[in-house]
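With compact mmCIF, C-alpha atoms inside, this is run_20.txt:
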# COMPACT_ATOMS: atom_id res chain seq x y z
CA MET X 1 -1.60 26.05 -5.17
CA ILE X 2 -2.18 24.69 -1.71
CA ASP X 3 -1.67 21.14 -2.79
CA GLN X 4 1.51 21.93 -4.66
CA GLU X 5 3.29 21.96 -1.37
CA ALA X 6 1.29 19.25 0.35
CA PRO X 7 3.75 16.85 1.95
CA LEU X 8 4.06 13.25 0.90
CA SER X 9 3.42 11.05 3.92
CA LEU X 10 5.03 7.66 3.47
CA ILE X 11 4.23 4.88 5.90
CA LEU X 12 6.83 2.15 5.59
CA PHE X 13 5.54 -1.13 6.95
CA SER X 14 7.32 -3.77 4.91
CA GLY X 15 10.99 -4.49 5.54
CA THR X 16 11.95 -6.29 2.34
CA ASP X 17 14.60 -4.69 0.17
CA ASP X 18 12.39 -4.45 -2.92
CA ARG X 19 9.67 -2.45 -1.14
CA LEU X 20 12.21 -0.34 0.75
CA GLY X 21 13.90 0.31 -2.60
CA ALA X 22 10.63 1.45 -4.17
CA ALA X 23 9.95 3.69 -1.17
CA ALA X 24 13.41 5.25 -1.36
CA ILE X 25 12.95 6.07 -5.05
CA LEU X 26 9.60 7.73 -4.32
CA ALA X 27 11.05 9.76 -1.47
CA THR X 28 13.98 10.87 -3.62
CA GLY X 29 11.69 11.82 -6.51
CA ALA X 30 9.45 13.90 -4.24
CA ALA X 31 12.41 15.56 -2.50
CA ALA X 32 13.96 16.48 -5.85
CA MET X 33 10.75 18.34 -6.70
CA GLY X 34 10.92 20.32 -3.47
CA ARG X 35 8.06 18.44 -1.87
CA PRO X 36 8.31 17.79 1.89
CA VAL X 37 8.36 14.09 2.78
CA ASN X 38 7.44 12.55 6.12
CA VAL X 39 8.40 8.92 6.51
CA PHE X 40 6.87 6.87 9.32
CA LEU X 41 8.58 3.57 10.12
CA GLN X 42 6.41 0.74 11.42
CA TYR X 43 6.83 -2.95 12.06
CA TRP X 44 9.26 -4.69 9.67
CA ALA X 45 10.45 -1.47 8.08
CA LEU X 46 11.40 -0.10 11.48
CA ASP X 47 13.25 -3.32 12.21
CA ALA X 48 15.18 -2.89 8.94
CA PHE X 49 16.37 0.59 10.03
CA ARG X 50 18.26 -0.83 13.03
CA ARG X 51 21.84 0.40 12.99
CA GLU X 52 23.17 -3.13 12.91
CA LYS X 53 20.75 -4.43 10.31
CA ILE X 54 20.30 -1.63 7.84
CA ALA X 55 23.06 -2.76 5.46
CA ALA X 56 22.11 -6.45 5.68
CA TRP X 57 20.03 -8.33 3.13
CA HIS X 58 16.37 -8.11 4.13
CA GLY X 59 14.92 -10.38 1.49
CA ALA X 60 12.40 -9.63 -1.24
CA ALA X 61 8.66 -10.21 -1.56
CA PRO X 62 7.78 -13.94 -1.69
CA GLU X 63 6.48 -13.52 -5.24
CA SER X 64 9.96 -12.57 -6.44
CA GLY X 65 11.21 -16.15 -6.45
CA PRO X 66 14.92 -16.96 -6.34
CA SER X 67 15.84 -15.22 -9.60
CA GLY X 68 13.85 -12.11 -8.73
CA ALA X 69 15.45 -11.98 -5.30
CA THR X 70 18.89 -12.16 -6.91
CA LEU X 71 18.01 -9.21 -9.13
CA VAL X 72 16.93 -7.15 -6.12
CA ARG X 73 20.03 -8.13 -4.20
CA GLU X 74 22.33 -7.11 -7.04
CA SER X 75 20.59 -3.79 -7.54
CA GLN X 76 20.82 -3.07 -3.81
CA ALA X 77 24.54 -3.85 -3.88
CA GLN X 78 24.96 -1.18 -6.55
CA ARG X 79 22.92 1.51 -4.84
CA HIS X 80 21.37 0.68 -1.51
CA TRP X 81 18.02 2.16 -0.48
CA SER X 82 19.66 3.63 2.63
CA GLU X 83 21.94 5.72 0.38
CA LEU X 84 18.90 6.93 -1.55
CA PHE X 85 17.20 8.00 1.67
CA GLN X 86 20.39 9.84 2.67
CA GLN X 87 20.42 11.52 -0.73
CA ALA X 88 16.75 12.47 -0.34
CA LYS X 89 17.56 14.05 3.03
CA ASP X 90 20.53 15.89 1.55
CA ILE X 91 18.53 17.50 -1.24
CA GLY X 92 15.15 18.07 0.36
CA ASP X 93 12.94 18.38 3.40
CA VAL X 94 12.73 14.69 4.30
CA LYS X 95 12.10 13.55 7.87
CA ILE X 96 12.19 9.93 9.01
CA HIS X 97 10.21 9.13 12.13
CA ALA X 98 10.08 5.87 14.07
CA CYS X 99 6.61 4.82 15.20
CA ALA X 100 6.50 4.83 19.01
CA LEU X 101 4.19 1.82 19.20
CA SER X 102 6.38 -0.26 16.91
CA MET X 103 9.47 0.75 18.96
CA GLU X 104 7.75 -0.72 21.98
CA LEU X 105 6.53 -3.82 20.16
CA PHE X 106 10.02 -4.67 18.89
CA ASP X 107 11.74 -3.48 22.06
CA ILE X 108 13.90 -1.04 20.08
CA THR X 109 15.53 2.00 21.69
CA PRO X 110 16.52 5.18 19.81
CA ALA X 111 20.19 4.18 20.20
CA ASP X 112 19.47 1.03 18.19
CA LEU X 113 18.41 3.02 15.14
CA ASP X 114 20.46 4.18 12.20
CA PRO X 115 21.24 7.91 12.22
CA LEU X 116 18.95 8.32 9.18
CA VAL X 117 16.06 8.23 11.65
CA ASP X 118 15.32 11.70 13.03
CA ASP X 119 13.10 10.90 15.98
CA VAL X 120 10.41 8.75 17.54
CA GLU X 121 6.83 9.92 17.33
CA GLY X 122 3.29 8.68 17.91
CA VAL X 123 0.71 8.14 15.22
CA ALA X 124 -1.12 11.31 16.33
CA ALA X 125 1.93 13.45 15.58
CA PHE X 126 2.41 11.75 12.24
CA MET X 127 -1.24 12.18 11.31
CA SER X 128 -1.23 15.85 12.28
CA ASP X 129 1.51 16.42 9.69
CA ALA X 130 -0.56 14.49 7.16
CA THR X 131 -3.80 16.50 7.14
CA GLN X 132 -2.93 17.49 3.60
CA GLY X 133 -1.46 15.44 0.80
CA PRO X 134 -1.25 11.74 0.08
CA ILE X 135 -0.69 9.04 2.68
CA THR X 136 1.08 6.18 0.96
CA PHE X 137 1.49 2.82 2.70
CA ILE X 138 4.28 0.59 1.45
CA MET Z 1 -13.43 22.03 -6.64
CA ILE Z 2 -9.75 21.69 -7.35
CA ASP Z 3 -9.55 18.28 -5.73
CA GLN Z 4 -12.61 17.00 -7.58
CA GLU Z 5 -10.42 16.54 -10.58
CA ALA Z 6 -7.24 15.57 -8.79
CA PRO Z 7 -5.83 12.51 -10.54
CA LEU Z 8 -5.52 9.16 -8.84
CA SER Z 9 -1.88 8.09 -8.95
CA LEU Z 10 -1.59 4.33 -8.65
CA ILE Z 11 1.80 2.77 -8.12
CA LEU Z 12 1.61 -0.92 -8.92
CA PHE Z 13 4.44 -2.82 -7.28
CA SER Z 14 3.01 -6.26 -6.61
CA GLY Z 15 2.53 -8.69 -9.46
CA THR Z 16 0.10 -11.17 -7.94
CA ASP Z 17 -3.29 -11.51 -9.58
CA ASP Z 18 -5.25 -10.63 -6.44
CA ARG Z 19 -3.49 -7.27 -6.01
CA LEU Z 20 -3.55 -6.53 -9.72
CA GLY Z 21 -7.26 -7.35 -9.68
CA ALA Z 22 -7.88 -4.92 -6.81
CA ALA Z 23 -5.88 -2.24 -8.64
CA ALA Z 24 -7.84 -2.75 -11.85
CA ILE Z 25 -11.14 -2.35 -10.01
CA LEU Z 26 -9.94 0.89 -8.42
CA ALA Z 27 -8.74 2.26 -11.75
CA THR Z 28 -12.04 1.35 -13.41
CA GLY Z 29 -14.06 2.92 -10.60
CA ALA Z 30 -12.07 6.16 -10.80
CA ALA Z 31 -12.24 6.28 -14.60
CA ALA Z 32 -16.01 5.75 -14.52
CA MET Z 33 -16.30 8.88 -12.35
CA GLY Z 34 -14.29 10.91 -14.84
CA ARG Z 35 -11.21 11.04 -12.66
CA PRO Z 36 -7.84 10.92 -14.43
CA VAL Z 37 -5.73 7.91 -13.44
CA ASN Z 38 -1.96 7.58 -13.75
CA VAL Z 39 -0.63 4.09 -13.25
CA PHE Z 40 3.10 3.58 -12.62
CA LEU Z 41 4.38 0.02 -13.03
CA GLN Z 42 7.30 -1.03 -10.87
CA TYR Z 43 9.06 -4.29 -10.04
CA TRP Z 44 6.78 -7.36 -10.07
CA ALA Z 45 3.81 -5.48 -11.49
CA LEU Z 46 5.91 -4.34 -14.44
CA ASP Z 47 7.05 -7.91 -14.95
CA ALA Z 48 3.40 -9.02 -15.03
CA PHE Z 49 2.66 -6.57 -17.86
CA ARG Z 50 5.08 -8.29 -20.23
CA ARG Z 51 3.34 -9.13 -23.47
CA GLU Z 52 4.08 -12.81 -23.07
CA LYS Z 53 3.18 -13.02 -19.41
CA ILE Z 54 0.18 -10.78 -18.97
CA ALA Z 55 -2.43 -13.52 -19.50
CA ALA Z 56 -0.56 -16.10 -17.41
CA TRP Z 57 -1.34 -16.98 -13.81
CA HIS Z 58 0.76 -14.75 -11.52
CA GLY Z 59 -0.18 -16.29 -8.22
CA ALA Z 60 -1.90 -14.73 -5.22
CA ALA Z 61 -0.66 -13.35 -1.92
CA PRO Z 62 0.90 -16.04 0.32
CA GLU Z 63 -1.84 -15.51 2.89
CA SER Z 64 -4.45 -16.69 0.39
CA GLY Z 65 -3.60 -20.36 0.84
CA PRO Z 66 -4.51 -22.96 -1.79
CA SER Z 67 -8.28 -22.45 -1.60
CA GLY Z 68 -7.97 -18.68 -1.72
CA ALA Z 69 -5.63 -18.89 -4.68
CA THR Z 70 -8.16 -21.06 -6.49
CA LEU Z 71 -10.85 -18.44 -5.90
CA VAL Z 72 -8.63 -15.72 -7.35
CA ARG Z 73 -7.73 -17.89 -10.31
CA GLU Z 74 -11.35 -18.62 -11.11
CA SER Z 75 -12.36 -14.98 -10.82
CA GLN Z 76 -9.51 -13.96 -13.12
CA ALA Z 77 -10.61 -16.57 -15.66
CA GLN Z 78 -14.03 -14.92 -15.74
CA ARG Z 79 -12.82 -11.35 -16.05
CA HIS Z 80 -9.09 -10.75 -16.15
CA TRP Z 81 -7.56 -7.62 -14.63
CA SER Z 82 -6.01 -6.79 -18.01
CA GLU Z 83 -9.50 -6.54 -19.51
CA LEU Z 84 -10.54 -4.22 -16.69
CA PHE Z 85 -7.55 -1.97 -17.38
CA GLN Z 86 -8.51 -1.93 -21.06
CA GLN Z 87 -12.06 -1.02 -20.10
CA ALA Z 88 -10.78 1.74 -17.79
CA LYS Z 89 -8.74 3.14 -20.69
CA ASP Z 90 -11.76 2.93 -23.02
CA ILE Z 91 -14.03 4.92 -20.74
CA GLY Z 92 -11.66 7.38 -19.13
CA ASP Z 93 -8.38 9.23 -19.00
CA VAL Z 94 -6.17 6.37 -17.83
CA LYS Z 95 -2.47 6.25 -18.61
CA ILE Z 96 -0.18 3.34 -17.82
CA HIS Z 97 3.51 4.15 -17.47
CA ALA Z 98 6.40 1.75 -17.04
CA CYS Z 99 9.00 2.84 -14.46
CA ALA Z 100 12.30 3.44 -16.24
CA LEU Z 101 14.39 2.15 -13.34
CA SER Z 102 12.41 -1.08 -13.13
CA MET Z 103 12.71 -1.55 -16.91
CA GLU Z 104 16.47 -1.45 -16.46
CA LEU Z 105 16.46 -3.69 -13.40
CA PHE Z 106 14.45 -6.40 -15.15
CA ASP Z 107 16.12 -5.83 -18.51
CA ILE Z 108 12.78 -5.19 -20.18
CA THR Z 109 12.48 -3.26 -23.44
CA PRO Z 110 9.35 -1.36 -24.56
CA ALA Z 111 8.75 -4.06 -27.21
CA ASP Z 112 8.42 -6.62 -24.41
CA LEU Z 113 5.45 -4.83 -22.90
CA ASP Z 114 1.76 -5.34 -23.51
CA PRO Z 115 0.14 -2.59 -25.61
CA LEU Z 116 -1.83 -1.50 -22.51
CA VAL Z 117 1.36 0.28 -21.44
CA ASP Z 118 1.52 3.79 -22.91
CA ASP Z 119 5.14 4.70 -22.30
CA VAL Z 120 8.23 4.50 -20.13
CA GLU Z 121 8.88 7.33 -17.69
CA GLY Z 122 11.06 8.19 -14.74
CA VAL Z 123 9.87 8.69 -11.20
CA ALA Z 124 10.31 12.48 -11.58
CA ALA Z 125 7.80 12.60 -14.44
CA PHE Z 126 5.38 10.42 -12.51
CA MET Z 127 5.72 12.55 -9.38
CA SER Z 128 5.20 15.76 -11.31
CA ASP Z 129 1.79 14.45 -12.40
CA ALA Z 130 1.04 13.53 -8.80
CA THR Z 131 1.43 16.90 -7.07
CA GLN Z 132 -2.29 16.77 -6.40
CA GLY Z 133 -4.48 13.88 -5.38
CA PRO Z 134 -3.81 10.53 -3.72
CA ILE Z 135 -0.77 8.35 -4.36
CA THR Z 136 -1.83 4.78 -3.77
CA PHE Z 137 0.75 2.01 -3.60
CA ILE Z 138 -0.47 -1.50 -4.28
CA MET I 1 -8.79 24.55 4.94
CA ILE I 2 -10.69 22.28 2.59
CA ASP I 3 -8.23 19.47 3.02
CA GLN I 4 -8.27 19.70 6.82
CA GLU I 5 -11.51 17.80 6.72
CA ALA I 6 -10.74 15.60 3.76
CA PRO I 7 -11.62 12.02 4.72
CA LEU I 8 -9.03 9.30 4.98
CA SER I 9 -10.00 6.49 2.62
CA LEU I 10 -8.47 3.22 3.74
CA ILE I 11 -8.64 0.21 1.46
CA LEU I 12 -7.90 -2.91 3.47
CA PHE I 13 -6.80 -5.74 1.22
CA SER I 14 -4.47 -7.81 3.36
CA GLY I 15 -5.86 -10.00 6.11
CA THR I 16 -2.78 -10.61 8.23
CA ASP I 17 -2.86 -9.37 11.80
CA ASP I 18 0.20 -7.15 11.44
CA ARG I 19 -1.27 -5.18 8.53
CA LEU I 20 -4.73 -5.06 10.10
CA GLY I 21 -3.07 -3.81 13.28
CA ALA I 22 -1.27 -1.03 11.40
CA ALA I 23 -4.53 -0.08 9.68
CA ALA I 24 -6.42 0.04 12.97
CA ILE I 25 -3.81 2.36 14.48
CA LEU I 26 -4.06 4.70 11.49
CA ALA I 27 -7.85 4.74 11.64
CA THR I 28 -7.79 5.46 15.37
CA GLY I 29 -5.22 8.23 14.95
CA ALA I 30 -7.27 9.89 12.23
CA ALA I 31 -10.54 9.52 14.16
CA ALA I 32 -8.95 11.06 17.26
CA MET I 33 -8.12 14.14 15.18
CA GLY I 34 -11.72 14.46 14.03
CA ARG I 35 -10.99 13.28 10.52
CA PRO I 36 -13.65 11.16 8.81
CA VAL I 37 -12.45 7.68 7.88
CA ASN I 38 -13.93 5.40 5.23
CA VAL I 39 -12.68 1.85 5.33
CA PHE I 40 -13.26 -0.44 2.34
CA LEU I 41 -12.78 -4.16 2.96
CA GLN I 42 -11.55 -6.25 0.05
CA TYR I 43 -10.27 -9.78 -0.44
CA TRP I 44 -8.37 -11.20 2.58
CA ALA I 45 -9.23 -8.27 4.84
CA LEU I 46 -12.93 -8.82 4.19
CA ASP I 47 -12.48 -12.50 4.96
CA ALA I 48 -10.84 -11.55 8.29
CA PHE I 49 -13.92 -9.50 9.27
CA ARG I 50 -16.18 -12.55 9.22
CA ARG I 51 -18.04 -12.82 12.49
CA GLU I 52 -16.61 -16.25 13.17
CA LYS I 53 -13.08 -15.44 12.18
CA ILE I 54 -12.44 -11.92 13.41
CA ALA I 55 -10.98 -12.93 16.78
CA ALA I 56 -8.88 -15.78 15.33
CA TRP I 57 -5.19 -15.61 14.52
CA HIS I 58 -4.79 -14.46 10.90
CA GLY I 59 -1.05 -14.80 10.62
CA ALA I 60 1.58 -12.17 9.88
CA ALA I 61 3.46 -11.17 6.73
CA PRO I 62 5.82 -13.93 5.51
CA GLU I 63 8.82 -11.69 6.17
CA SER I 64 8.04 -11.68 9.91
CA GLY I 65 9.43 -15.16 10.45
CA PRO I 66 8.47 -17.26 13.47
CA SER I 67 9.78 -14.83 16.12
CA GLY I 68 8.18 -11.83 14.44
CA ALA I 69 4.88 -13.66 14.15
CA THR I 70 5.01 -14.43 17.87
CA LEU I 71 5.53 -10.73 18.62
CA VAL I 72 2.49 -9.81 16.53
CA ARG I 73 0.42 -12.53 18.12
CA GLU I 74 1.27 -11.38 21.63
CA SER I 75 0.55 -7.76 20.85
CA GLN I 76 -2.81 -8.71 19.35
CA ALA I 77 -3.67 -10.71 22.47
CA GLN I 78 -3.13 -7.54 24.52
CA ARG I 79 -5.12 -5.22 22.30
CA HIS I 80 -6.75 -6.67 19.23
CA TRP I 81 -7.13 -4.61 16.07
CA SER I 82 -10.89 -5.19 16.15
CA GLU I 83 -11.03 -3.38 19.52
CA LEU I 84 -9.08 -0.49 18.02
CA PHE I 85 -11.56 -0.24 15.14
CA GLN I 86 -14.40 -0.26 17.67
CA GLN I 87 -12.64 2.49 19.60
CA ALA I 88 -12.14 4.49 16.40
CA LYS I 89 -15.87 4.19 15.66
CA ASP I 90 -16.73 5.25 19.22
CA ILE I 91 -14.69 8.43 19.10
CA GLY I 92 -15.05 9.51 15.49
CA ASP I 93 -16.78 9.36 12.14
CA VAL I 94 -15.51 5.98 10.98
CA LYS I 95 -17.44 3.84 8.54
CA ILE I 96 -16.49 0.32 7.53
CA HIS I 97 -17.80 -0.87 4.17
CA ALA I 98 -17.57 -4.34 2.65
CA CYS I 99 -16.67 -4.39 -1.05
CA ALA I 100 -19.60 -5.86 -2.99
CA LEU I 101 -17.36 -7.62 -5.52
CA SER I 102 -15.29 -9.27 -2.80
CA MET I 103 -18.48 -10.37 -1.01
CA GLU I 104 -19.46 -12.17 -4.18
CA LEU I 105 -16.00 -13.60 -4.78
CA PHE I 106 -15.81 -15.11 -1.29
CA ASP I 107 -19.50 -15.98 -1.18
CA ILE I 108 -19.99 -13.94 1.99
CA THR I 109 -23.41 -12.61 3.05
CA PRO I 110 -23.96 -9.56 5.28
CA ALA I 111 -25.04 -11.89 8.10
CA ASP I 112 -21.58 -13.49 8.01
CA LEU I 113 -19.87 -10.21 8.87
CA ASP I 114 -18.90 -8.82 12.25
CA PRO I 115 -21.15 -5.95 13.43
CA LEU I 116 -18.18 -3.59 13.02
CA VAL I 117 -19.03 -3.58 9.32
CA ASP I 118 -21.63 -0.93 8.51
CA ASP I 119 -22.72 -1.96 5.04
CA VAL I 120 -21.88 -3.40 1.64
CA GLU I 121 -21.05 -1.03 -1.17
CA GLY I 122 -19.61 -1.00 -4.64
CA VAL I 123 -16.33 0.55 -5.65
CA ALA I 124 -18.19 3.45 -7.31
CA ALA I 125 -19.82 4.45 -4.01
CA PHE I 126 -16.49 4.16 -2.21
CA MET I 127 -14.69 6.22 -4.82
CA SER I 128 -17.36 8.92 -4.77
CA ASP I 129 -16.62 9.44 -1.06
CA ALA I 130 -12.91 9.58 -1.87
CA THR I 131 -12.81 12.45 -4.36
CA GLN I 132 -10.86 14.37 -1.73
CA GLY I 133 -8.15 13.21 0.61
CA PRO I 134 -5.74 10.30 0.60
CA ILE I 135 -6.55 6.80 -0.59
CA THR I 136 -4.36 4.43 1.35
CA PHE I 137 -4.11 0.76 0.37
CA ILE I 138 -2.96 -1.64 3.06
Can the structure in the file be given as structure tokens, please?
Amino acid sequence: MIDQEAPLSLILFSGTDDRLGAAAILATGAAAMGRPVNVFLQYWALDAFRREKIAAWHGAAPESGPSGATLVRESQAQRHWSELFQQAKDIGDVKIHACALSMELFDITPADLDPLVDDVEGVAAFMSDATQGPITFI
Amino acid sequence: MIDQEAPLSLILFSGTDDRLGAAAILATGAAAMGRPVNVFLQYWALDAFRREKIAAWHGAAPESGPSGATLVRESQAQRHWSELFQQAKDIGDVKIHACALSMELFDITPADLDPLVDDVEGVAAFMSDATQGPITFI
Amino acid sequence: MIDQEAPLSLILFSGTDDRLGAAAILATGAAAMGRPVNVFLQYWALDAFRREKIAAWHGAAPESGPSGATLVRESQAQRHWSELFQQAKDIGDVKIHACALSMELFDITPADLDPLVDDVEGVAAFMSDATQGPITFI
């Protein structure tokens, strides 16, 4: 029973639209089941959540090739991962945190971030919410 | 005791042979210990499980460089990750599911997939099998 | 209560400095909270832990681009991920294991590895320490 409600801790590292899309689907699926979700934005994923960049094309994994990248781009045009994260937040207990160290590394201020992001926190705070449940790195 | 039997939920996203090889080893190791394994194929990993593509060379991570890619290629020629997945299924409770959304994105039908794949399911079904245990994204 | 002490099992696959940096921060955060951490080095991450290579520049994810790679390089010059792993080992119960199969694949001997690495083990041994808690693949 304990684990039923264990939160899903999602560390988003990669900033390509295919991985962000996969992450958004996971978050939405977990939220729909009533599972709390804590998202932690690091490195290139944090960069992709900048207010001015979030709707831009962020590329796909190198292995996708040109035709694969086109597929990802078209699917994102239909339903963007940022909309899915908004939907996940609307239906469930989903928090999106910016990693303090990555904020510093990329010289990003809270005002630079899309409103989807709830706050900035350190890895200790993130890890203390993740003592139970999976920690999934994307 | 509960967690002893918690399934390992493996989300395969990447379709390069080095990552698929690492995933196959994990699945085999878990299956050998009697742990249930649920594999969920998304994006480039799903593409790599096409019947006509599964035995082909799918490349290695860009960081591997030419010499690293050769190493991966040679190791896959000796024991391919698809054989390891078959072995994992032979010895344990290992299910391989194709992500319904990725099937649609890549315009793949069930008949296109290698027989290693058990079925097509949505993220909700996958997540409902993953309320306990790790969720590992590869 | 059981899960409070569940170890964090970190599989390091990628050998780029941005991913190794993210892994080191996670390991340090977990160790600081008193959580046991088991690190399993595979493929490119194992290669990066070679004694003669560990301090070298290992590149960043392709998506980083030249300016992103420079950022990563500068941050690593200030505080290298290998120092963070050392710090994690100093403050907590952190073990770093080299994957036996990857040792063979890359023709690496224990003497080739940085002293941060505790031992060589097979995937079965790693998985038997990971029956509880998250398994995070980086």
Report as a Markdown table the residues of chain I within 8 Å of chain Z, each with its shortest atom pair and distance in Å (one decimal), using all atoms listed in the file, ordered by chain and increasing residue number.
| residue | atom | partner | partner_atom | distance |
| --- | --- | --- | --- | --- |
| I:Gly15 | CA | Z:Glu63 | CA | 7.5 |
| I:Thr16 | CA | Z:Glu63 | CA | 7.3 |
| I:Gln42 | CA | Z:Ala22 | CA | 7.9 |
| I:Tyr43 | CA | Z:Asp18 | CA | 7.9 |
| I:Trp44 | CA | Z:Ser64 | CA | 7.1 |
| I:Gly59 | CA | Z:Glu63 | CA | 7.8 |
| I:Ala61 | CA | Z:Glu63 | CA | 7.9 |
| I:Pro62 | CA | Z:Pro62 | CA | 7.5 |
| I:Leu105 | CA | Z:Leu71 | CA | 7.2 |
| I:Phe106 | CA | Z:Leu71 | CA | 7.5 |
| I:Val123 | CA | Z:Gly29 | CA | 5.9 |
| I:Ala124 | CA | Z:Gly29 | CA | 5.3 |
| I:Met127 | CA | Z:Ala30 | CA | 6.5 |
| I:Ser128 | CA | Z:Met33 | CA | 7.7 |
| I:Thr131 | CA | Z:Gln4 | CA | 5.6 |
| I:Gln132 | CA | Z:Asp3 | CA | 5.7 |
| I:Gly133 | CA | Z:Pro134 | CA | 6.7 |
| I:Pro134 | CA | Z:Pro134 | CA | 4.7 |
| I:Ile135 | CA | Z:Pro134 | CA | 5.6 |
| I:Thr136 | CA | Z:Thr136 | CA | 5.7 |
| I:Phe137 | CA | Z:Thr136 | CA | 6.2 |
| I:Ile138 | CA | Z:Ile138 | CA | 7.8 |
List the neighbours of segment 94-99 of chain I out to 6 Å using only C-alpha atoms; skip same-chain residues closer than 5 positions along the sequence, and give me the result as a PDB file with C-alpha atoms, in the frame of the given file.
ATOM      1  CA  PRO I  36     -13.650  11.160   8.810  1.00  0.00           C
ATOM      2  CA  VAL I  37     -12.450   7.680   7.880  1.00  0.00           C
ATOM      3  CA  ASN I  38     -13.930   5.400   5.230  1.00  0.00           C
ATOM      4  CA  VAL I  39     -12.680   1.850   5.330  1.00  0.00           C
ATOM      5  CA  PHE I  40     -13.260  -0.440   2.340  1.00  0.00           C
ATOM      6  CA  LEU I  41     -12.780  -4.160   2.960  1.00  0.00           C
ATOM      7  CA  GLN I  42     -11.550  -6.250   0.050  1.00  0.00           C
ATOM      8  CA  LYS I  89     -15.870   4.190  15.660  1.00  0.00           C
ATOM      9  CA  VAL I 117     -19.030  -3.580   9.320  1.00  0.00           C
ATOM     10  CA  ASP I 118     -21.630  -0.930   8.510  1.00  0.00           C
ATOM     11  CA  ASP I 119     -22.720  -1.960   5.040  1.00  0.00           C
ATOM     12  CA  VAL I 120     -21.880  -3.400   1.640  1.00  0.00           C
ATOM     13  CA  GLU I 121     -21.050  -1.030  -1.170  1.00  0.00           C
ATOM     14  CA  GLY I 122     -19.610  -1.000  -4.640  1.00  0.00           C
TER      15      GLY I 122
END
Length of the atom CA of Ala60 of chain I to atom CA of Ile11 of chain I vector [Å]: 18.1 Å
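One distance worth recording is that between atom CA of Arg51 of chain X and atom CA of Asp90 of chain X, which is 19.3 Å.
Atom pair atom CA of Ala88 of chain X / atom CA of Ser14 of chain X has a distance of 19.5 Å (rounded to one decimal).
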Given all atoms listed in the file as the counted atoms, nearest of X:Ile91, X:Ala100, X:Ala69, X:Ala77 to Ala56 of chain X: X:Ala77
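For the residues Z:Gln87, Z:Ala130, Z:Gly21, Z:Asp47, ranking by smallest atom-to-atom distance to Glu104 of chain Z using only C-alpha atoms places Z:Asp47 first.
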Please define a box with edges along x, y and z of the file around all atoms of segment 53-63 of chain Z given in the file, extend it by 3 Å on each side, and return its centre and edge lengths in Å to one decimal, as AutoDock Vina command-line options.
--center_x 0.4 --center_y -13.9 --center_z -8.3 --size_x 11.6 --size_y 12.2 --size_z 28.4
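When all atoms listed in the file are used to compute distances to Lys53 of chain Z, the closest of the residues Z:Leu12, Z:Leu113, Z:Ala125, Z:Ala24 turns out to be Z:Leu113.
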